[in-house]
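The structure appears below as structure tokens.
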Amino acid sequence: MATISKETVRDALKAVMAPDGGTDIVSAGIVSEIVIAGENVMFALNIDPNNAKAFEPVRAAAQQAAEGIEGVGKVMAALTAEKKPTPGANGNAAPTASPSPAQAPGGAKNAGVPGVDRIIAVASGKGGVGKSTTAVNLALGLASLGLKVGVLDADIYGPSLPRLFGLTGQPQPVSPGSRMLEPMQAYGLKIMSIGFMVEEDTPVIWRGPMVMSALQQMLSEIAWAELDVLVVDMPPGTGDAQLTMAQQTPLAGAVIVSTPQDLALIDARKGLNMFRRVDVPVLGIVENMSYFVCSKCGERHEIFGHGGAENEALKMGVNFLGAVPLDVEIRQRSDAGQPIVASAPDSEHAGIYREIASKVWGGLQAEGPTQRAAPTIIME
């Protein structure tokens, strides 16, 4: 198999002309960082957002040019736009978030994802609190209610779903030459992650606009239909991915995951307040690693404290969804790609996740259909 290099890709892209026809896209300086992972190639065209319509044929031609390179398998070509900062009151640049293509003028409602009834985000203010494990088992708990469920891994820099579901391989086009991909499947769920396109030990080194474009492609170019719920495993924190999902996707609600200790709760509070500021309903808080029960003596230990998330939920006026213990079986099954709700459905821990899923579904029904207008996000 021929070796694929960034220079080879650039050479192929030099055959693609910009809309004005005066220069190629490489010489025009609009080709962003090129990422190569095995036989997969990913890049973006950085353009003025006002020219998006004119550049769509160029993007398609660039993708086709890259696909024609010997040894190339899948190609992800995206349009990105970094809005130029506008002067603030003091004359300094005041960055503003670019408007979403899915957001119509005047605060119109988002278009959503065709065939997906509700989208929920599972988020945490910091990493290491078991958010992805919670998202996976929550999705399986929702499926146990008879719902059609999908899971999207929005953590571009640290995708976990391939490992948690024990999946390898790559999504395939719905038909030859189609840009739409079939999602991967496991345990009755539809699943998509950038981890299916990149080797597990390959770092993804992208700037914010390319991350946002990748998220939008995984939402709009995957054959999700028909789903009752799409669970989005968010990256930790309150950065580009969270703002993109909040601004460009009609989220029906968010679930916050935290551990009991004060430091984690501080960050969880930030995440909760972020969703509130962008008008996303917070469905509740899950306290993960809430306690540990010794398998030999049966004694209960509250290693990270206990009840902190429940108290925080009470103070913040949101639902407390449940407490999940710190348990080696949950960890082992997750590492083996056998999430506990699917592989040990009769276990106590699986029952906890199913109860959390029931509360989340109840919250979604109480909120009703998603009719939220996309918020305008301004960073001053």
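By convention in this document, the chains of the structure tokens carry letters A, B, ... by their order, each chain's residues are numbered from 1, and ligands are numbered from 1 in the order they are shown.
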TODO: Identify, on the basis of only C-alpha atoms, every residue whose closest approach to Arg354 in chain A does not exceed 6 Å; exclude the query and any residue fewer than 3 positions from it along the same chain; express the result as a list in words.
DONE: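 Those residues are Gly141, Gly351 and Ala357 of chain A.
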- [ ] Using only C-alpha atoms, determine which residues lie at most 12 Å from Glu70 in chain A, disregarding the query and same-chain residues fewer than 2 positions distant; provide the list as a ChimeraX atom specification.
- [x] /A:1-5,8-9,12,39-41,65-68,72-74
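With only C-alpha atoms as the atoms that count, the minimum distance from Lys53 in chain A to the choices A:Gly271, A:Pro171, A:Pro19, A:Gly71 is reached by A:Pro19.
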Open item on the list: One number please: CA of Val16 in chain A to CA of Ala54 in chain A, in Å, one decimal.
Closed with: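 That distance, rounded to one decimal, is 13.8 Å.
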Surrounding residues of Tyr353 in chain A excluding itself and chain neighbours under 2 positions, 10 Å, only C-alpha atoms, as a compact mmCIF listing (two decimals) with N, CA and C atoms, in the first residue's frame:
# COMPACT_ATOMS: atom_id res chain seq x y z
N THR A 134 -20.89 6.55 32.29
CA THR A 134 -22.27 6.91 32.62
C THR A 134 -23.10 7.09 31.36
N ALA A 135 -22.55 7.77 30.34
CA ALA A 135 -23.28 8.01 29.10
C ALA A 135 -23.65 6.70 28.42
N VAL A 136 -22.70 5.77 28.37
CA VAL A 136 -22.94 4.48 27.71
C VAL A 136 -24.03 3.70 28.43
N ASN A 137 -23.93 3.61 29.74
CA ASN A 137 -24.91 2.84 30.50
C ASN A 137 -26.26 3.55 30.57
N LEU A 138 -26.26 4.86 30.54
CA LEU A 138 -27.52 5.61 30.45
C LEU A 138 -28.21 5.28 29.12
N ALA A 139 -27.46 5.27 28.03
CA ALA A 139 -28.02 4.95 26.73
C ALA A 139 -28.63 3.55 26.72
N LEU A 140 -27.91 2.60 27.31
CA LEU A 140 -28.43 1.24 27.38
C LEU A 140 -29.65 1.16 28.28
N GLY A 141 -29.66 1.96 29.35
CA GLY A 141 -30.83 2.01 30.22
C GLY A 141 -32.05 2.56 29.49
N LEU A 142 -31.84 3.59 28.67
CA LEU A 142 -32.94 4.13 27.87
C LEU A 142 -33.45 3.09 26.86
N VAL A 286 -25.90 13.24 38.30
CA VAL A 286 -25.55 11.88 38.73
C VAL A 286 -24.31 11.96 39.60
N LEU A 321 -30.43 12.45 40.11
CA LEU A 321 -30.81 11.28 39.33
C LEU A 321 -30.39 9.95 39.95
N GLY A 322 -29.35 9.97 40.79
CA GLY A 322 -28.94 8.73 41.44
C GLY A 322 -27.46 8.70 41.77
N ALA A 323 -27.08 7.73 42.62
CA ALA A 323 -25.71 7.56 43.07
C ALA A 323 -25.19 6.22 42.55
N VAL A 324 -24.08 6.27 41.83
CA VAL A 324 -23.46 5.07 41.27
C VAL A 324 -22.20 4.76 42.08
N ILE A 340 -22.02 -2.66 31.74
CA ILE A 340 -22.67 -3.51 32.73
C ILE A 340 -24.18 -3.63 32.52
N VAL A 341 -24.83 -2.61 32.01
CA VAL A 341 -26.27 -2.70 31.79
C VAL A 341 -26.59 -3.77 30.74
N PRO A 345 -27.28 -7.49 33.15
CA PRO A 345 -28.52 -6.71 33.33
C PRO A 345 -29.22 -6.94 34.65
N GLU A 348 -27.07 -5.34 40.55
CA GLU A 348 -27.54 -4.15 41.28
C GLU A 348 -27.13 -2.87 40.56
N HIS A 349 -25.90 -2.87 40.02
CA HIS A 349 -25.40 -1.67 39.37
C HIS A 349 -26.18 -1.37 38.09
N ALA A 350 -26.51 -2.40 37.32
CA ALA A 350 -27.32 -2.19 36.12
C ALA A 350 -28.67 -1.60 36.49
N GLY A 351 -29.22 -2.06 37.61
CA GLY A 351 -30.50 -1.53 38.07
C GLY A 351 -30.42 -0.05 38.40
N GLU A 355 -32.58 2.90 36.58
CA GLU A 355 -33.40 3.85 37.33
C GLU A 355 -33.06 5.29 36.93
N ILE A 356 -31.77 5.56 36.73
CA ILE A 356 -31.35 6.88 36.27
C ILE A 356 -31.96 7.16 34.90
N ALA A 357 -31.92 6.16 34.01
CA ALA A 357 -32.48 6.33 32.67
C ALA A 357 -33.98 6.62 32.73
N SER A 358 -34.69 5.95 33.63
CA SER A 358 -36.13 6.20 33.78
C SER A 358 -36.41 7.64 34.20
N LYS A 359 -35.59 8.15 35.12
CA LYS A 359 -35.76 9.54 35.56
C LYS A 359 -35.45 10.52 34.43
- [ ] Using only C-alpha atoms, find the one residue out of A:Met218, A:Leu164, A:Ala78, A:Ile256 that sits nearest to Val129 in chain A.
- [x]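 Selected residue with least distance to Val129 in chain A: A:Ile256.
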Open item on the list: I want to know what sits within 8 Å of Ala123 in chain A, based on only C-alpha atoms, with residues of the same chain fewer than 4 positions away left out; could you give that as JSON, numbers by chain?
Closed with: {"A": [131, 233, 234, 235, 236, 237, 254, 255, 256, 257, 271]}
Could you write out that same residue set with N, CA and C atoms as a JSON list (two decimals), in the first residue's frame?
[["chain", "number", "residue", "atom", "x", "y", "z"],
["A", 131, "LYS", "N", -17.75, 10.06, 33.23],
["A", 131, "LYS", "CA", -18.82, 10.58, 32.38],
["A", 131, "LYS", "C", -19.14, 9.65, 31.22],
["A", 233, "ASP", "N", -22.05, 12.05, 24.35],
["A", 233, "ASP", "CA", -21.01, 12.02, 25.37],
["A", 233, "ASP", "C", -20.09, 13.21, 25.14],
["A", 234, "MET", "N", -20.25, 14.25, 25.94],
["A", 234, "MET", "CA", -19.52, 15.50, 25.75],
["A", 234, "MET", "C", -18.10, 15.39, 26.30],
["A", 235, "PRO", "N", -17.18, 16.17, 25.77],
["A", 235, "PRO", "CA", -15.87, 16.26, 26.41],
["A", 235, "PRO", "C", -16.00, 17.02, 27.72],
["A", 236, "PRO", "N", -15.05, 16.86, 28.63],
["A", 236, "PRO", "CA", -15.13, 17.59, 29.90],
["A", 236, "PRO", "C", -14.90, 19.08, 29.68],
["A", 237, "GLY", "N", -15.46, 19.88, 30.57],
["A", 237, "GLY", "CA", -15.22, 21.32, 30.52],
["A", 237, "GLY", "C", -16.36, 22.08, 29.89],
["A", 254, "ALA", "N", -29.68, 18.24, 29.41],
["A", 254, "ALA", "CA", -28.31, 17.85, 29.75],
["A", 254, "ALA", "C", -28.31, 17.11, 31.08],
["A", 255, "VAL", "N", -27.43, 16.12, 31.18],
["A", 255, "VAL", "CA", -27.20, 15.37, 32.43],
["A", 255, "VAL", "C", -25.78, 15.69, 32.89],
["A", 256, "ILE", "N", -25.62, 16.12, 34.12],
["A", 256, "ILE", "CA", -24.31, 16.46, 34.66],
["A", 256, "ILE", "C", -23.82, 15.31, 35.53],
["A", 257, "VAL", "N", -22.56, 14.89, 35.30],
["A", 257, "VAL", "CA", -21.95, 13.81, 36.08],
["A", 257, "VAL", "C", -20.85, 14.40, 36.95],
["A", 271, "GLY", "N", -20.41, 23.62, 34.70],
["A", 271, "GLY", "CA", -21.06, 22.98, 33.57],
["A", 271, "GLY", "C", -22.56, 23.18, 33.59]]
Open item on the list: With DSSP run on the backbone, what are the strand (DSSP E or B) residues within range 131-260 of chain A? I'd like them as number ranges by chain.
Closed with: A: 149-153, 173, 181, 184-186, 189-193, 222, 227-233, 253-258
Export of prior selection with N, CA and C atoms as a tab-separated table (two decimals), in the first residue's frame:
chain	number	residue	atom	x	y	z
A	149	VAL	N	-32.22	4.13	20.50
A	149	VAL	CA	-31.22	5.02	21.08
A	149	VAL	C	-29.92	4.99	20.28
A	150	GLY	N	-29.28	6.13	20.15
A	150	GLY	CA	-27.95	6.25	19.57
A	150	GLY	C	-27.03	6.97	20.53
A	151	VAL	N	-25.72	6.83	20.30
A	151	VAL	CA	-24.73	7.51	21.14
A	151	VAL	C	-23.70	8.17	20.23
A	152	LEU	N	-23.46	9.45	20.45
A	152	LEU	CA	-22.44	10.20	19.71
A	152	LEU	C	-21.32	10.58	20.65
A	153	ASP	N	-20.10	10.24	20.29
A	153	ASP	CA	-18.91	10.60	21.07
A	153	ASP	C	-18.43	11.96	20.59
A	173	PRO	N	-20.24	3.80	3.95
A	173	PRO	CA	-21.26	4.63	3.28
A	173	PRO	C	-22.58	3.87	3.15
A	181	LEU	N	-22.88	8.14	6.17
A	181	LEU	CA	-22.30	6.91	6.70
A	181	LEU	C	-23.30	6.20	7.60
A	184	MET	N	-21.96	2.78	13.47
A	184	MET	CA	-21.61	1.47	14.01
A	184	MET	C	-22.72	1.04	14.96
A	185	GLN	N	-22.79	-0.26	15.26
A	185	GLN	CA	-23.85	-0.74	16.13
A	185	GLN	C	-23.30	-1.73	17.15
A	186	ALA	N	-23.85	-1.66	18.36
A	186	ALA	CA	-23.52	-2.61	19.42
A	186	ALA	C	-24.64	-2.59	20.45
A	189	LEU	N	-27.65	-0.38	19.97
A	189	LEU	CA	-27.48	1.06	19.87
A	189	LEU	C	-26.77	1.43	18.57
A	190	LYS	N	-27.08	2.61	18.05
A	190	LYS	CA	-26.32	3.19	16.93
A	190	LYS	C	-25.25	4.10	17.52
A	191	ILE	N	-24.02	4.00	16.99
A	191	ILE	CA	-22.88	4.64	17.65
A	191	ILE	C	-21.98	5.31	16.62
A	192	MET	N	-21.50	6.52	16.96
A	192	MET	CA	-20.51	7.19	16.12
A	192	MET	C	-19.47	7.88	16.98
A	193	SER	N	-18.22	7.79	16.56
A	193	SER	CA	-17.10	8.41	17.27
A	193	SER	C	-15.99	8.70	16.28
A	222	ILE	N	-24.45	11.23	9.35
A	222	ILE	CA	-24.60	9.86	9.83
A	222	ILE	C	-26.08	9.48	9.73
A	227	LEU	N	-34.46	7.47	15.61
A	227	LEU	CA	-34.08	7.40	17.01
A	227	LEU	C	-35.05	8.18	17.88
A	228	ASP	N	-35.37	7.62	19.03
A	228	ASP	CA	-36.12	8.37	20.04
A	228	ASP	C	-35.19	9.32	20.80
A	229	VAL	N	-33.98	8.84	21.08
A	229	VAL	CA	-33.02	9.64	21.84
A	229	VAL	C	-31.61	9.44	21.28
A	230	LEU	N	-30.88	10.53	21.10
A	230	LEU	CA	-29.45	10.48	20.80
A	230	LEU	C	-28.72	11.02	22.01
A	231	VAL	N	-27.90	10.17	22.64
A	231	VAL	CA	-27.11	10.56	23.82
A	231	VAL	C	-25.74	11.03	23.34
A	232	VAL	N	-25.37	12.24	23.70
A	232	VAL	CA	-24.09	12.81	23.28
A	232	VAL	C	-23.13	12.81	24.47
A	233	ASP	N	-22.05	12.05	24.35
A	233	ASP	CA	-21.01	12.02	25.37
A	233	ASP	C	-20.09	13.21	25.14
A	253	GLY	N	-31.98	18.42	26.59
A	253	GLY	CA	-31.60	18.49	27.98
A	253	GLY	C	-30.17	18.04	28.18
A	254	ALA	N	-29.68	18.24	29.41
A	254	ALA	CA	-28.31	17.85	29.75
A	254	ALA	C	-28.31	17.11	31.08
A	255	VAL	N	-27.43	16.12	31.18
A	255	VAL	CA	-27.20	15.37	32.43
A	255	VAL	C	-25.78	15.69	32.89
A	256	ILE	N	-25.62	16.12	34.12
A	256	ILE	CA	-24.31	16.46	34.66
A	256	ILE	C	-23.82	15.31	35.53
A	257	VAL	N	-22.56	14.89	35.30
A	257	VAL	CA	-21.95	13.81	36.08
A	257	VAL	C	-20.85	14.40	36.95
A	258	SER	N	-20.85	14.03	38.23
A	258	SER	CA	-19.83	14.51	39.16
A	258	SER	C	-19.51	13.43	40.18
